[in-house]
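For reference, the structure is listed below as structure tokens.
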Amino acid sequence: MTATAPLGRPQREALRRRLLSLGLGELSAATVFVLLAVSVVGPRWTDDQAATLWWALGPLTVVLVQAGAYWLLARSWVGRGTMRRPVARTYRVVRVLDPVLLALGLVMILVHGGPDPGPWLLTLGVWAFAALEYANYFLVRLSYPPTTWAREVTSWRTPRLVRDLRATDRAGGR
């Protein structure tokens with residue numbers, strides 16, 4: 001996906017299909033989390049508990065939507081070139097803002113978590129998942145097939161998004 005030799009049409013189309021699947025998968029995940037919070041969890045929790053959940057779900061949704069958009073946008077440059085500069089600038093900004101949003105969310109969860117451990121623990125779990133998703137896209141690749149996960153995750157690979165940002169820097173222009 002980074003700037004390498006141009007791919008042949010069949011390889012490029014196969015990659016584009018995979019990126020479409022990844023992008024739609026991340027956007028679907030964001031939608032499902034929000035729908036579950038609104039329709040299943042929210043009605044069963046107090047207003048304070050539900051509000052606190054959004055301090056975890058908000059950052060998760062933001063990261064998942066950014067990830068989905070990245071995969072869908074990557075379809076335009078895969079096997080041909082590099083990420084466009086405006087897209088790269090946007091992802092550099094969110095790479096800095098997302099941890100601020102995650103930190104704010106964690107503080108709000110810890111301050112407003114409430115006495116009931118069940119909702120508080122679920123909310124912390126959602127927040128931890130958001131932090132892992134951020135790490136997977138901006139720090140170190142954490143996502144691998146289940147059969148190879150234990151072996152692959154210890155290689156501490158650079159995420160594709162970060163590699164695409166670096167390739168854009170090296171390519172200049174655009």
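If you're wondering about the labels, chains in the structure tokens are A, B, ... by order shown, residues count from 1 in each chain, ligands from 1 in order shown.
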
- What are the DSSP alpha helix (DSSP H) residues of chain A, as a VMD selection string? chain A and resid 9 to 36 42 to 44 47 to 74 85 to 112 117 to 138 149 to 153 160 to 171

Residues from last step as file, C-alpha atoms, as a compact mmCIF listing (two decimals), in the first residue's frame:
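Printed below is part-v9.txt as written:
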```
# COMPACT_ATOMS: atom_id res chain seq x y z
CA ARG A 9 -4.41 -4.54 -12.54
CA PRO A 10 -5.45 -7.88 -10.93
CA GLN A 11 -3.28 -7.29 -7.84
CA ARG A 12 -4.45 -3.70 -7.52
CA GLU A 13 -8.11 -4.69 -7.82
CA ALA A 14 -7.68 -7.42 -5.21
CA LEU A 15 -6.12 -4.90 -2.83
CA ARG A 16 -8.86 -2.38 -3.55
CA ARG A 17 -11.51 -5.00 -2.67
CA ARG A 18 -9.69 -5.78 0.58
CA LEU A 19 -9.48 -2.08 1.45
CA LEU A 20 -13.18 -1.66 0.71
CA SER A 21 -13.92 -4.52 3.07
CA LEU A 22 -11.68 -3.07 5.79
CA GLY A 23 -13.15 0.42 5.42
CA LEU A 24 -16.76 -0.71 5.44
CA GLY A 25 -15.96 -3.04 8.35
CA GLU A 26 -14.63 -0.20 10.50
CA LEU A 27 -17.57 2.05 9.64
CA SER A 28 -20.00 -0.80 10.37
CA ALA A 29 -18.31 -1.43 13.72
CA ALA A 30 -18.70 2.24 14.66
CA THR A 31 -22.37 2.12 13.69
CA VAL A 32 -23.02 -1.07 15.66
CA PHE A 33 -21.35 0.32 18.80
CA VAL A 34 -23.42 3.48 18.66
CA LEU A 35 -26.67 1.61 17.96
CA LEU A 36 -26.02 -0.81 20.84
CA GLY A 42 -28.63 3.44 27.36
CA PRO A 43 -32.20 2.48 28.29
CA ARG A 44 -30.96 0.12 31.03
CA ASP A 47 -28.53 8.94 32.76
CA ASP A 48 -25.18 9.46 34.52
CA GLN A 49 -23.95 5.98 33.59
CA ALA A 50 -25.02 6.40 29.96
CA ALA A 51 -23.39 9.83 29.78
CA THR A 52 -20.16 8.39 31.13
CA LEU A 53 -20.29 5.61 28.52
CA TRP A 54 -20.19 8.27 25.81
CA TRP A 55 -16.83 9.48 27.13
CA ALA A 56 -15.50 6.08 26.04
CA LEU A 57 -17.71 5.51 23.03
CA GLY A 58 -17.05 8.96 21.56
CA PRO A 59 -13.29 8.40 21.13
CA LEU A 60 -13.89 4.84 19.91
CA THR A 61 -16.34 6.05 17.28
CA VAL A 62 -13.98 8.81 16.17
CA VAL A 63 -11.06 6.40 15.76
CA LEU A 64 -13.17 3.80 13.92
CA VAL A 65 -14.58 6.39 11.51
CA GLN A 66 -11.08 7.75 10.85
CA ALA A 67 -9.87 4.21 10.20
CA GLY A 68 -12.77 3.42 7.89
CA ALA A 69 -12.20 6.62 5.95
CA TYR A 70 -8.47 5.84 5.67
CA TRP A 71 -9.07 2.39 4.16
CA LEU A 72 -11.64 3.76 1.72
CA LEU A 73 -9.41 6.66 0.70
CA ALA A 74 -6.41 4.33 0.33
CA ARG A 85 -0.94 15.72 0.99
CA PRO A 86 -4.28 17.08 2.35
CA VAL A 87 -5.22 13.59 3.52
CA ALA A 88 -1.78 13.14 5.10
CA ARG A 89 -2.11 16.50 6.88
CA THR A 90 -5.50 15.49 8.23
CA TYR A 91 -4.18 12.20 9.62
CA ARG A 92 -1.19 13.94 11.17
CA VAL A 93 -3.57 16.27 13.01
CA VAL A 94 -5.85 13.48 14.25
CA ARG A 95 -2.78 11.49 15.30
CA VAL A 96 -2.16 14.29 17.83
CA LEU A 97 -5.78 15.09 18.72
CA ASP A 98 -6.97 11.53 19.30
CA PRO A 99 -4.77 10.96 22.38
CA VAL A 100 -6.09 14.23 23.83
CA LEU A 101 -9.64 13.00 23.28
CA LEU A 102 -8.75 9.61 24.81
CA ALA A 103 -7.14 11.27 27.84
CA LEU A 104 -10.13 13.56 28.35
CA GLY A 105 -12.45 10.57 28.07
CA LEU A 106 -10.49 8.59 30.64
CA VAL A 107 -10.48 11.49 33.10
CA MET A 108 -14.24 11.95 32.70
CA ILE A 109 -14.83 8.20 33.17
CA LEU A 110 -12.71 8.10 36.30
CA VAL A 111 -14.33 11.24 37.76
CA HIS A 112 -17.94 10.43 36.84
CA PRO A 117 -18.85 -1.46 39.12
CA GLY A 118 -20.64 -3.18 36.20
CA PRO A 119 -21.30 -0.14 34.01
CA TRP A 120 -18.01 1.41 35.09
CA LEU A 121 -16.01 -1.66 34.05
CA LEU A 122 -17.85 -1.95 30.73
CA THR A 123 -17.19 1.74 30.06
CA LEU A 124 -13.49 1.28 30.87
CA GLY A 125 -13.43 -1.71 28.52
CA VAL A 126 -14.88 0.39 25.69
CA TRP A 127 -12.29 3.09 26.42
CA ALA A 128 -9.47 0.50 26.41
CA PHE A 129 -10.70 -0.79 23.05
CA ALA A 130 -10.60 2.78 21.71
CA ALA A 131 -7.03 3.15 22.96
CA LEU A 132 -6.04 -0.15 21.33
CA GLU A 133 -7.63 0.90 18.04
CA TYR A 134 -5.70 4.17 18.15
CA ALA A 135 -2.47 2.27 18.86
CA ASN A 136 -3.22 -0.16 16.01
CA TYR A 137 -3.48 2.67 13.49
CA PHE A 138 -0.89 5.16 14.74
CA TRP A 149 -1.57 -13.17 16.14
CA ALA A 150 0.74 -14.31 18.94
CA ARG A 151 3.68 -14.70 16.55
CA GLU A 152 3.06 -11.54 14.48
CA VAL A 153 2.17 -9.01 17.19
CA ARG A 160 0.04 0.88 7.23
CA LEU A 161 -1.35 4.33 7.91
CA VAL A 162 1.98 5.47 9.35
CA ARG A 163 3.86 3.86 6.45
CA ASP A 164 1.59 5.73 4.02
CA LEU A 165 2.27 9.01 5.84
CA ARG A 166 6.03 8.40 5.60
CA ALA A 167 5.78 7.46 1.92
CA THR A 168 3.95 10.72 1.25
CA ASP A 169 6.76 12.63 2.98
CA ARG A 170 9.41 10.85 0.91
CA ALA A 171 7.51 11.39 -2.35
```

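With atom CA of A:Val38 on one side and atom CA of A:Pro115 on the other, the separation reads 21.7 Å.
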